[in-house]
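Asks: One structure, pasted below without further comment.
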6 protein chains.
Amino acid sequence: MNRCDGRARDQLRPIRITKHFTKYAEGSVLIECGDTKVICNATVEENVPPFLKGSGSGWVTAEYAMLPRATASRNKRDIQKLKRSPRATEIQRLIGRALRAAVDLDALGERSITIDCDVIQADGGTRTAAITGGYVALAMACQRLVEEGVLERTPLCHSISAVSVGIVDGVPMLDLCYTEDSAAEVDMNIVVNETGAFVELQGTGEHGTFDRAQLEELLALGEKGNRELQVLQHSVLAE
Amino acid sequence: MNRCDGRARDQLRPIRITKHFTKYAEGSVLIECGDTKVICNATVEENVPPFLKGSGSGWVTAEYAMLPRATASRNKRDIQKLKRSPRATEIQRLIGRALRAAVDLDALGERSITIDCDVIQADGGTRTAAITGGYVALAMACQRLVEEGVLERTPLCHSISAVSVGIVDGVPMLDLCYTEDSAAEVDMNIVVNETGAFVELQGTGEHGTFDRAQLEELLALGEKGNRELQVLQHSVLAE
Amino acid sequence: MNRCDGRARDQLRPIRITKHFTKYAEGSVLIECGDTKVICNATVEENVPPFLKGSGSGWVTAEYAMLPRATASRNKRDIQKLKRSPRATEIQRLIGRALRAAVDLDALGERSITIDCDVIQADGGTRTAAITGGYVALAMACQRLVEEGVLERTPLCHSISAVSVGIVDGVPMLDLCYTEDSAAEVDMNIVVNETGAFVELQGTGEHGTFDRAQLEELLALGEKGNRELQVLQHSVLAE
Amino acid sequence: MNRCDGRARDQLRPIRITKHFTKYAEGSVLIECGDTKVICNATVEENVPPFLKGSGSGWVTAEYAMLPRATASRNKRDIQKLKRSPRATEIQRLIGRALRAAVDLDALGERSITIDCDVIQADGGTRTAAITGGYVALAMACQRLVEEGVLERTPLCHSISAVSVGIVDGVPMLDLCYTEDSAAEVDMNIVVNETGAFVELQGTGEHGTFDRAQLEELLALGEKGNRELQVLQHSVLAE
Amino acid sequence: MNRCDGRARDQLRPIRITKHFTKYAEGSVLIECGDTKVICNATVEENVPPFLKGSGSGWVTAEYAMLPRATASRNKRDIQKLKRSPRATEIQRLIGRALRAAVDLDALGERSITIDCDVIQADGGTRTAAITGGYVALAMACQRLVEEGVLERTPLCHSISAVSVGIVDGVPMLDLCYTEDSAAEVDMNIVVNETGAFVELQGTGEHGTFDRAQLEELLALGEKGNRELQVLQHSVLAE
Amino acid sequence: MNRCDGRARDQLRPIRITKHFTKYAEGSVLIECGDTKVICNATVEENVPPFLKGSGSGWVTAEYAMLPRATASRNKRDIQKLKRSPRATEIQRLIGRALRAAVDLDALGERSITIDCDVIQADGGTRTAAITGGYVALAMACQRLVEEGVLERTPLCHSISAVSVGIVDGVPMLDLCYTEDSAAEVDMNIVVNETGAFVELQGTGEHGTFDRAQLEELLALGEKGNRELQVLQHSVLAE
């Protein structure tokens, strides 16, 4: 059983995280996982959604979208169809939940941070790349709130990373590219913090099902992948 | 640690599935899980989405919505905001994936079955109730395709049920009502087939995280709940 | 000339009004007129539309919708077409006008009552069923405002009921079911208060016209039907 | 009791119908009823809505809108609010039903006529002006179908006119201007054909109710008004 | 080389500007340039867009639309397509920029003037007609602000007019009608003030290109046309 | 008079065009003009808009959008406001017209090329950068149609480039950055082909006006800028 790019079953694709990819955002990175490329921009705004007005608490949310030609064939823009892509809606809710787990919202105060994740090239694992890269953008924005004296100390309380795992032709593997993802019986997205505790676990078996034993294998692969991603995030932020 | 309605930690709320709740749909049930009430109507149509035209294969999809006053305060209708509720979008994608796992789409032929899940009263667990009830509506519609001679044998290949589990105040429990759900550190929706194999697993720890041991406990609770639901579904369909 | 269900020309279908059909709404009923079934939920909110801000006066309004499979074939949801059904728009304006005639808006004070009328099964006469059932939900909500001490006395000043009449194959008849409605030369909706005075009268002759004599006959039928409905409403509210 | 412009109770405002108001439409008129001014353009198109494809029958429909400054204060355009005005929706459905009663849709063949009614100045009675003027535009378009040899004889089978009546300060009166309409207890729109038979009757008592005797008085006023309008329509079309 | 209506190359079509075309708007004109007819209504409102709140400055903006049958075939209304026509969007931005150049926004104070330009018949040059007519409506509204004592002196600081020029079959000409416009290699819209200074210049060569020499010729034609339009505007406003 | 980045009045910012910026599009470049960065992706599709069906002719069109954080503060996405940004609408129409001038649409055959221009960082001149970069992406896509044997020879017939010029504090200058653009009395976008002939000319004087002499100066600056851009485009395409 060979993977399309010759990787081992438990091997991540090459990851590159470029900080300050754009100049205006409070936090900005380009994350590349193999051929998957996502721009993650964090914006700090001095307001909160209506349900938090007067609460003293802040908010972290995410938006996810793809450029029309991030994929093999062109997708019409959401605005042309007058509705946000249901797939993007599902994904950005996942990213938002994942990244909120990184922040002490009370310590953030009544302000909000929006992480825009725009996929410029998609080759599988865009949502987990968005979480992993989005975390770095979020951390940069928090850092800046401290540097600029808005906050005394960072509201960041956890490191968050995410990786996809799946079963292809009966073989569990880490970090599926698009070809593998399309053929997978099971695919799972695993979001953890720096202790390896689960923040979110989403496993789907549309072309199959999975049992406890397979789940164990997938979780082990995810643990390895996320550990490596956390090391990378840490070193990138330390630069 | 007492549950609001005095149930044991591993006890489902009373479930009632009423068949033929409305008269026009090919399959129709009202499912009640405690105070959660969902109308599930299955519609068979002799056409498929564009990407399946000419494939010989069919499609199963779901829509999920709540009446404005299914909840403690009134929610505006989607049409007033000109966008489908993002939460409903996420949920109906889950229901659709879950119920597609019940059907051999090739055997269904080029027709589609839409399961409309309309919540008339929400008290926690509406998405899992929709899957469990939606499966019965789907099975009824498949049965009818055979009875009417459209298909020779049912395209149904698996029983699908779903249940929610969660950790509240550190205690894992089965089938959370709204009060418990709001206070949960972790909540998880578990969709299985008749063999107990996982079709979908979605665990979220927005107000906390969970580790492997907790995951085990949650899966065990879900296994018990889904086993009971499958028995009920079977007996309702046999009536 | 026989009616499809053997009724006399001037006979209503069996009517059932179930109070407290859902648990959260301030007023909630399920009204069944033969096979037509409508959930009517009344919601009280402590705000008014912009044009009434600061006026001291309240507002009563209605929304009307059908579940996708309330009818013989499935209708797409409004949100999928991004516009509220024109038919539903026309109907909910009628319901709103009719139910506003039941309430002293000054006595209501600066709050609003919304009556959500959701048709779960349609077999003719859904708009008049919505008015008749909606009135009961509205009355329950007003009662509750008094019981909870928000208002000293009920702002309700009139009982409102509605019924449809029509001419089918030259024969005037009361309370048309869907089959009769589809074949009618003339159909008319008659909304009255407890004195029999007209609140709204809408007669349409798309497949025919009607003269003064026929109008008289239709009004007489409507008078009989509405009298019976008012008796029923009164007894249901007295329970 | 004096009317704002000194008219008798049973007197129409001055009516002017200008044919060929715009040059492209198959039928085009400007109708002026006092200060109410509506452009009615009839467009013939060689296609029908989906539900009539292959039926051999045609369709007549109407659209109604107001210029933003047709009224005392400016109304935002529908497109800015992304929804058609509910009031306009209700009105254009009435106009469509009324004008369909003028045409033998089988004789029209599989084509459709759309009557665009655009109010450039509103001073009460815009919907009845739209029907009365729209009929003339429709008749012009039918005439043209014959002149151009598309049809051998006109599909027009009835003359349609409409007028508003109402009760102001207890006094029934004909053809209410905006000031009267705003103060009316009851207002009613009466659509008839050339024999005086009712095509549509819509009476509303939002600030009051009406009884049989008042209904009689209103119908008598409407009869007089519509008779005069039919004479005018006839003479305009004969020019 | 003959023009369709026999005009000289540098001759405008007959222009008529009718003031007070509708009665409610603060400024209202019908402008007719040959068969092109546009209603221009200016509305004064005592508020400004969010970005000007508290600035002391006012705003001038425009909206442009066409009646469905202003053209040879019927165009669907924007609201049916749920998006403003892109062509209209481009045009109304041009009209807004052009008319803002007529007004000292600081002198206007925190209020806004909206110029609604509704084309009732289109025969080429609708956007320039809208600017030329819109200026007169705007001037009327400014005059009224002074007459009513809202402002001490008019905020109007420049006269604005606009005209189209183009090259058809190699021949530069002034004020193209629709037939000429459709066949033009180059068309250009020239907006100037009373000194002839350019406010906006938009030249497009979709079916061709143009060089400096041709540009000179076009500008000379535009200068002549605009001079005549300014004279007419001045005399109409002086009436 | 010093420019913010020390450039001469007639000097372009450093331009970089990176080919094959994304891997799926038939033509893809990243164009950087100073800090303005635009991804231009050309997509070839084997269909045309309805108005060209059966004509044998093809179509070239463009879409323009900005990432939410391409600017100093975050802009909401179009889909959240349910309307395409009017500014973007105006710009993409300009880009489409400009790029159509590069292609012989008959030679292209019944297929369409869409140029998606997505601004990832905006610092003035995004629309001209989009045209200049979009041309290169378009040329790459045309080249590919030949390489893949779809067309025998390229349908490309002209090189298209665009540059902005403006007057700031009375001084005409080339290629304005955002700071200069915001302060400009006049700004103008000049689109030319390889002979220097004008394809489109758009000059606006919202905070001022301009006369013939100033126009001459601006055109001369534009000529210089476009000449340099054409040389660059040529060499990039030759690589």
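So you can find residues: chains in the structure tokens are A, B, ... in the order shown, residues in each start at 1, and ligands are numbered from 1 in order.
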Could you name the residues that touch range 190-207 of chain B at 8 Å or less, counting only C-alpha atoms, but leaving out those on the same chain fewer than 6 positions away, as a ChimeraX atom specification?

Replies: /A:97-98,100-101,198-206,208-211 /B:98,101-102,128,158-165,184,219,222-223,226-227,230

Asks: Just the residues within 12 Å of Ile17 in chain D, please, counting only C-alpha atoms, with nothing from its chain fewer than 3 positions along; format it as a ChimeraX atom specification.

Replies: /D:14,20-21,28-34,36-40,129-130,132-137,229,232-237,239

Asks: Restricting the output to N, CA and C atoms, write the selected residues as a PDB file, in the first residue's frame.

Replies:
ATOM      1  N   PRO D  14     -61.770  62.853 -11.110  1.00  0.00           N
ATOM      2  CA  PRO D  14     -61.552  62.919 -12.572  1.00  0.00           C
ATOM      3  C   PRO D  14     -60.602  61.795 -12.984  1.00  0.00           C
ATOM      4  N   HIS D  20     -50.802  54.571 -25.262  1.00  0.00           N
ATOM      5  CA  HIS D  20     -49.471  54.664 -25.859  1.00  0.00           C
ATOM      6  C   HIS D  20     -48.540  55.553 -25.039  1.00  0.00           C
ATOM      7  N   PHE D  21     -48.613  55.424 -23.715  1.00  0.00           N
ATOM      8  CA  PHE D  21     -47.793  56.289 -22.872  1.00  0.00           C
ATOM      9  C   PHE D  21     -46.314  55.985 -23.050  1.00  0.00           C
ATOM     10  N   SER D  28     -49.921  50.023 -23.540  1.00  0.00           N
ATOM     11  CA  SER D  28     -49.357  50.935 -22.548  1.00  0.00           C
ATOM     12  C   SER D  28     -50.322  52.077 -22.274  1.00  0.00           C
ATOM     13  N   VAL D  29     -50.634  52.293 -21.016  1.00  0.00           N
ATOM     14  CA  VAL D  29     -51.446  53.463 -20.661  1.00  0.00           C
ATOM     15  C   VAL D  29     -50.893  54.113 -19.398  1.00  0.00           C
ATOM     16  N   LEU D  30     -51.163  55.412 -19.273  1.00  0.00           N
ATOM     17  CA  LEU D  30     -51.045  56.100 -17.991  1.00  0.00           C
ATOM     18  C   LEU D  30     -52.466  56.326 -17.523  1.00  0.00           C
ATOM     19  N   ILE D  31     -52.796  55.826 -16.331  1.00  0.00           N
ATOM     20  CA  ILE D  31     -54.117  56.120 -15.790  1.00  0.00           C
ATOM     21  C   ILE D  31     -53.952  57.088 -14.636  1.00  0.00           C
ATOM     22  N   GLU D  32     -54.756  58.156 -14.659  1.00  0.00           N
ATOM     23  CA  GLU D  32     -54.752  59.137 -13.572  1.00  0.00           C
ATOM     24  C   GLU D  32     -56.137  59.181 -12.952  1.00  0.00           C
ATOM     25  N   CYS D  33     -56.225  58.907 -11.657  1.00  0.00           N
ATOM     26  CA  CYS D  33     -57.474  59.028 -10.905  1.00  0.00           C
ATOM     27  C   CYS D  33     -57.203  60.107  -9.877  1.00  0.00           C
ATOM     28  N   GLY D  34     -57.641  61.317 -10.135  1.00  0.00           N
ATOM     29  CA  GLY D  34     -57.217  62.416  -9.286  1.00  0.00           C
ATOM     30  C   GLY D  34     -55.706  62.470  -9.317  1.00  0.00           C
ATOM     31  N   THR D  36     -53.691  60.171  -8.162  1.00  0.00           N
ATOM     32  CA  THR D  36     -53.099  58.837  -8.288  1.00  0.00           C
ATOM     33  C   THR D  36     -52.751  58.574  -9.744  1.00  0.00           C
ATOM     34  N   LYS D  37     -51.476  58.230  -9.993  1.00  0.00           N
ATOM     35  CA  LYS D  37     -51.011  58.026 -11.374  1.00  0.00           C
ATOM     36  C   LYS D  37     -50.248  56.714 -11.488  1.00  0.00           C
ATOM     37  N   VAL D  38     -50.705  55.875 -12.381  1.00  0.00           N
ATOM     38  CA  VAL D  38     -50.108  54.558 -12.538  1.00  0.00           C
ATOM     39  C   VAL D  38     -49.814  54.288 -14.013  1.00  0.00           C
ATOM     40  N   ILE D  39     -48.574  53.873 -14.297  1.00  0.00           N
ATOM     41  CA  ILE D  39     -48.235  53.427 -15.647  1.00  0.00           C
ATOM     42  C   ILE D  39     -48.544  51.939 -15.731  1.00  0.00           C
ATOM     43  N   CYS D  40     -49.358  51.539 -16.720  1.00  0.00           N
ATOM     44  CA  CYS D  40     -49.694  50.125 -16.915  1.00  0.00           C
ATOM     45  C   CYS D  40     -49.170  49.690 -18.280  1.00  0.00           C
ATOM     46  N   ALA D 129     -56.997  51.515  -9.501  1.00  0.00           N
ATOM     47  CA  ALA D 129     -56.547  52.219 -10.715  1.00  0.00           C
ATOM     48  C   ALA D 129     -55.707  51.281 -11.574  1.00  0.00           C
ATOM     49  N   ALA D 130     -54.883  50.488 -10.923  1.00  0.00           N
ATOM     50  CA  ALA D 130     -54.025  49.558 -11.667  1.00  0.00           C
ATOM     51  C   ALA D 130     -54.863  48.522 -12.415  1.00  0.00           C
ATOM     52  N   THR D 132     -58.086  48.911 -13.387  1.00  0.00           N
ATOM     53  CA  THR D 132     -58.858  49.598 -14.430  1.00  0.00           C
ATOM     54  C   THR D 132     -57.953  49.994 -15.603  1.00  0.00           C
ATOM     55  N   GLY D 133     -56.785  50.542 -15.303  1.00  0.00           N
ATOM     56  CA  GLY D 133     -55.841  50.906 -16.369  1.00  0.00           C
ATOM     57  C   GLY D 133     -55.203  49.671 -16.987  1.00  0.00           C
ATOM     58  N   GLY D 134     -54.899  48.698 -16.122  1.00  0.00           N
ATOM     59  CA  GLY D 134     -54.270  47.463 -16.599  1.00  0.00           C
ATOM     60  C   GLY D 134     -55.162  46.763 -17.605  1.00  0.00           C
ATOM     61  N   TYR D 135     -56.478  46.819 -17.386  1.00  0.00           N
ATOM     62  CA  TYR D 135     -57.383  46.189 -18.347  1.00  0.00           C
ATOM     63  C   TYR D 135     -57.229  46.820 -19.735  1.00  0.00           C
ATOM     64  N   VAL D 136     -57.105  48.136 -19.770  1.00  0.00           N
ATOM     65  CA  VAL D 136     -56.976  48.812 -21.069  1.00  0.00           C
ATOM     66  C   VAL D 136     -55.669  48.406 -21.760  1.00  0.00           C
ATOM     67  N   ALA D 137     -54.592  48.342 -20.985  1.00  0.00           N
ATOM     68  CA  ALA D 137     -53.313  47.910 -21.562  1.00  0.00           C
ATOM     69  C   ALA D 137     -53.421  46.478 -22.078  1.00  0.00           C
ATOM     70  N   LEU D 229     -66.700  53.667 -14.960  1.00  0.00           N
ATOM     71  CA  LEU D 229     -65.347  53.297 -15.409  1.00  0.00           C
ATOM     72  C   LEU D 229     -65.420  52.437 -16.674  1.00  0.00           C
ATOM     73  N   LEU D 232     -65.958  54.625 -19.653  1.00  0.00           N
ATOM     74  CA  LEU D 232     -64.707  55.304 -20.016  1.00  0.00           C
ATOM     75  C   LEU D 232     -63.738  54.351 -20.719  1.00  0.00           C
ATOM     76  N   GLN D 233     -63.552  53.168 -20.146  1.00  0.00           N
ATOM     77  CA  GLN D 233     -62.643  52.187 -20.757  1.00  0.00           C
ATOM     78  C   GLN D 233     -63.057  51.902 -22.195  1.00  0.00           C
ATOM     79  N   HIS D 234     -64.355  51.730 -22.365  1.00  0.00           N
ATOM     80  CA  HIS D 234     -64.889  51.403 -23.681  1.00  0.00           C
ATOM     81  C   HIS D 234     -64.581  52.509 -24.683  1.00  0.00           C
ATOM     82  N   SER D 235     -64.805  53.745 -24.252  1.00  0.00           N
ATOM     83  CA  SER D 235     -64.603  54.858 -25.195  1.00  0.00           C
ATOM     84  C   SER D 235     -63.116  55.071 -25.472  1.00  0.00           C
ATOM     85  N   VAL D 236     -62.276  54.852 -24.476  1.00  0.00           N
ATOM     86  CA  VAL D 236     -60.825  54.997 -24.692  1.00  0.00           C
ATOM     87  C   VAL D 236     -60.342  53.940 -25.694  1.00  0.00           C
ATOM     88  N   LEU D 237     -60.851  52.735 -25.532  1.00  0.00           N
ATOM     89  CA  LEU D 237     -60.405  51.654 -26.421  1.00  0.00           C
ATOM     90  C   LEU D 237     -60.944  51.826 -27.837  1.00  0.00           C
ATOM     91  N   GLU D 239     -61.236  54.681 -29.385  1.00  0.00           N
ATOM     92  CA  GLU D 239     -60.552  55.805 -30.081  1.00  0.00           C
ATOM     93  C   GLU D 239     -59.652  55.310 -31.206  1.00  0.00           C
TER      94      GLU D 239
END

Asks: Report, in Å with one decimal, the straight-line distance from CA of Gly58 in chain C to CA of Arg111 in chain C.

Replies: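 Calculated distance between CA of Gly58 in chain C and CA of Arg111 in chain C is 4.9 Å.
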
Asks: Hey, can you check how far CA of Gln11 in chain F sits from CA of Gly96 in chain F?

Replies: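 Separation of CA of Gln11 in chain F and CA of Gly96 in chain F: 26.7 Å.
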
Asks: Compute the set of chain B residues within 12 Å of chain D, using only C-alpha atoms, and express it as a VMD selection string.

Replies: chain B and resid 79 to 83

Asks: Would you give me, as a VMD selection string, the residues in range 12-206 of chain A that DSSP reads as strand (DSSP E or B)?

Replies: chain A and resid 15 to 19 27 to 33 36 to 45 59 to 66 103 112 to 121 156 160 to 168 171 to 174 184 to 193 198 to 204

Asks: I'd like to know which residues of range 47-237 of chain D are alpha helix (DSSP H) (by DSSP, run on the backbone); could you write them as a count of residues only?

Replies: 77

Asks: May I have the residues within 12 Å of range 5-7 of chain B as number ranges by chain, using only C-alpha atoms and disregarding those fewer than 2 positions away in the same chain?

Replies: B: 1-3, 9-14, 34-35, 173-180

Asks: Generate the output file for the selected residues, C-alpha atoms, as a compact mmCIF listing (two decimals), in the first residue's frame.

Replies:
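Writing the result to result_21.txt gives the following:
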# COMPACT_ATOMS: atom_id res chain seq x y z
CA MET B 1 -25.58 14.02 41.43
CA ASN B 2 -29.24 14.02 40.43
CA ARG B 3 -30.57 14.54 36.91
CA ARG B 9 -27.03 8.39 34.30
CA ASP B 10 -27.40 5.75 31.62
CA GLN B 11 -31.15 6.06 31.11
CA LEU B 12 -32.91 7.38 28.01
CA ARG B 13 -35.91 9.67 28.32
CA PRO B 14 -39.25 8.06 27.40
CA GLY B 34 -39.05 13.45 26.58
CA ASP B 35 -40.19 16.97 25.67
CA MET B 173 -24.50 10.78 31.14
CA LEU B 174 -26.83 9.60 28.41
CA ASP B 175 -29.44 11.59 26.44
CA LEU B 176 -29.05 15.13 27.77
CA CYS B 177 -32.09 17.37 28.11
CA TYR B 178 -31.70 21.09 27.38
CA THR B 179 -30.78 22.08 30.93
CA GLU B 180 -28.06 19.43 31.08

Asks: As a count of residues only, please: the residues near Trp59 in chain C (cut-off 8 Å, only C-alpha atoms, same-chain neighbours under 2 positions excluded).

Replies: 11

Asks: At a cut-off of 6 Å, using only C-alpha atoms, what residues contact Pro155 in chain B? Leave out same-chain residues fewer than 5 positions from it and give the result as a ChimeraX atom specification.

Replies: /B:103-104,107-108

Asks: Next, dump the selected residues to file, keeping only all heavy atoms, as an mmCIF file, in the first residue's frame.

Replies:
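Wrote it out as out.cif, contents follow:
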data_model
loop_
_atom_site.group_PDB
_atom_site.id
_atom_site.type_symbol
_atom_site.label_atom_id
_atom_site.label_comp_id
_atom_site.auth_asym_id
_atom_site.auth_seq_id
_atom_site.Cartn_x
_atom_site.Cartn_y
_atom_site.Cartn_z
ATOM 1 N N VAL B 103 -28.956 3.360 3.288
ATOM 2 C CA VAL B 103 -29.540 3.029 1.991
ATOM 3 C C VAL B 103 -28.465 2.653 0.972
ATOM 4 O O VAL B 103 -27.406 3.273 0.921
ATOM 5 C CB VAL B 103 -30.356 4.242 1.466
ATOM 6 C CG1 VAL B 103 -30.883 3.979 0.063
ATOM 7 C CG2 VAL B 103 -31.519 4.544 2.406
ATOM 8 N N ASP B 104 -28.770 1.640 0.190
ATOM 9 C CA ASP B 104 -27.937 1.293 -0.960
ATOM 10 C C ASP B 104 -28.395 2.184 -2.112
ATOM 11 O O ASP B 104 -29.444 1.952 -2.718
ATOM 12 C CB ASP B 104 -28.153 -0.193 -1.296
ATOM 13 C CG ASP B 104 -27.408 -0.620 -2.556
ATOM 14 O OD1 ASP B 104 -27.027 0.259 -3.372
ATOM 15 O OD2 ASP B 104 -27.226 -1.829 -2.740
ATOM 16 N N ALA B 107 -29.234 0.636 -5.448
ATOM 17 C CA ALA B 107 -30.490 -0.115 -5.442
ATOM 18 C C ALA B 107 -31.700 0.816 -5.459
ATOM 19 O O ALA B 107 -32.770 0.470 -5.948
ATOM 20 C CB ALA B 107 -30.551 -1.025 -4.216
ATOM 21 N N LEU B 108 -31.527 2.017 -4.941
ATOM 22 C CA LEU B 108 -32.632 2.995 -4.927
ATOM 23 C C LEU B 108 -32.970 3.456 -6.340
ATOM 24 O O LEU B 108 -34.120 3.789 -6.660
ATOM 25 C CB LEU B 108 -32.233 4.197 -4.053
ATOM 26 C CG LEU B 108 -33.219 5.350 -3.942
ATOM 27 C CD1 LEU B 108 -34.579 4.873 -3.408
ATOM 28 C CD2 LEU B 108 -32.683 6.451 -3.033
#

Asks: Determine, counting only C-alpha atoms, which protein, DNA and RNA residues have an atom within 12 Å of an atom of Glu90 in chain A; residues of the same chain fewer than 4 positions away are not included. Present the result as a PyMOL selection string.

Replies: (chain A and resi 62-65+84-86+94-97+127+202) or (chain B and resi 85-94)

Asks: When you draw a straight line from CA of Asn75 in chain F to CA of Lys23 in chain A, how long is it in Å?

Replies: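 That distance, rounded to one decimal, is 15.2 Å.
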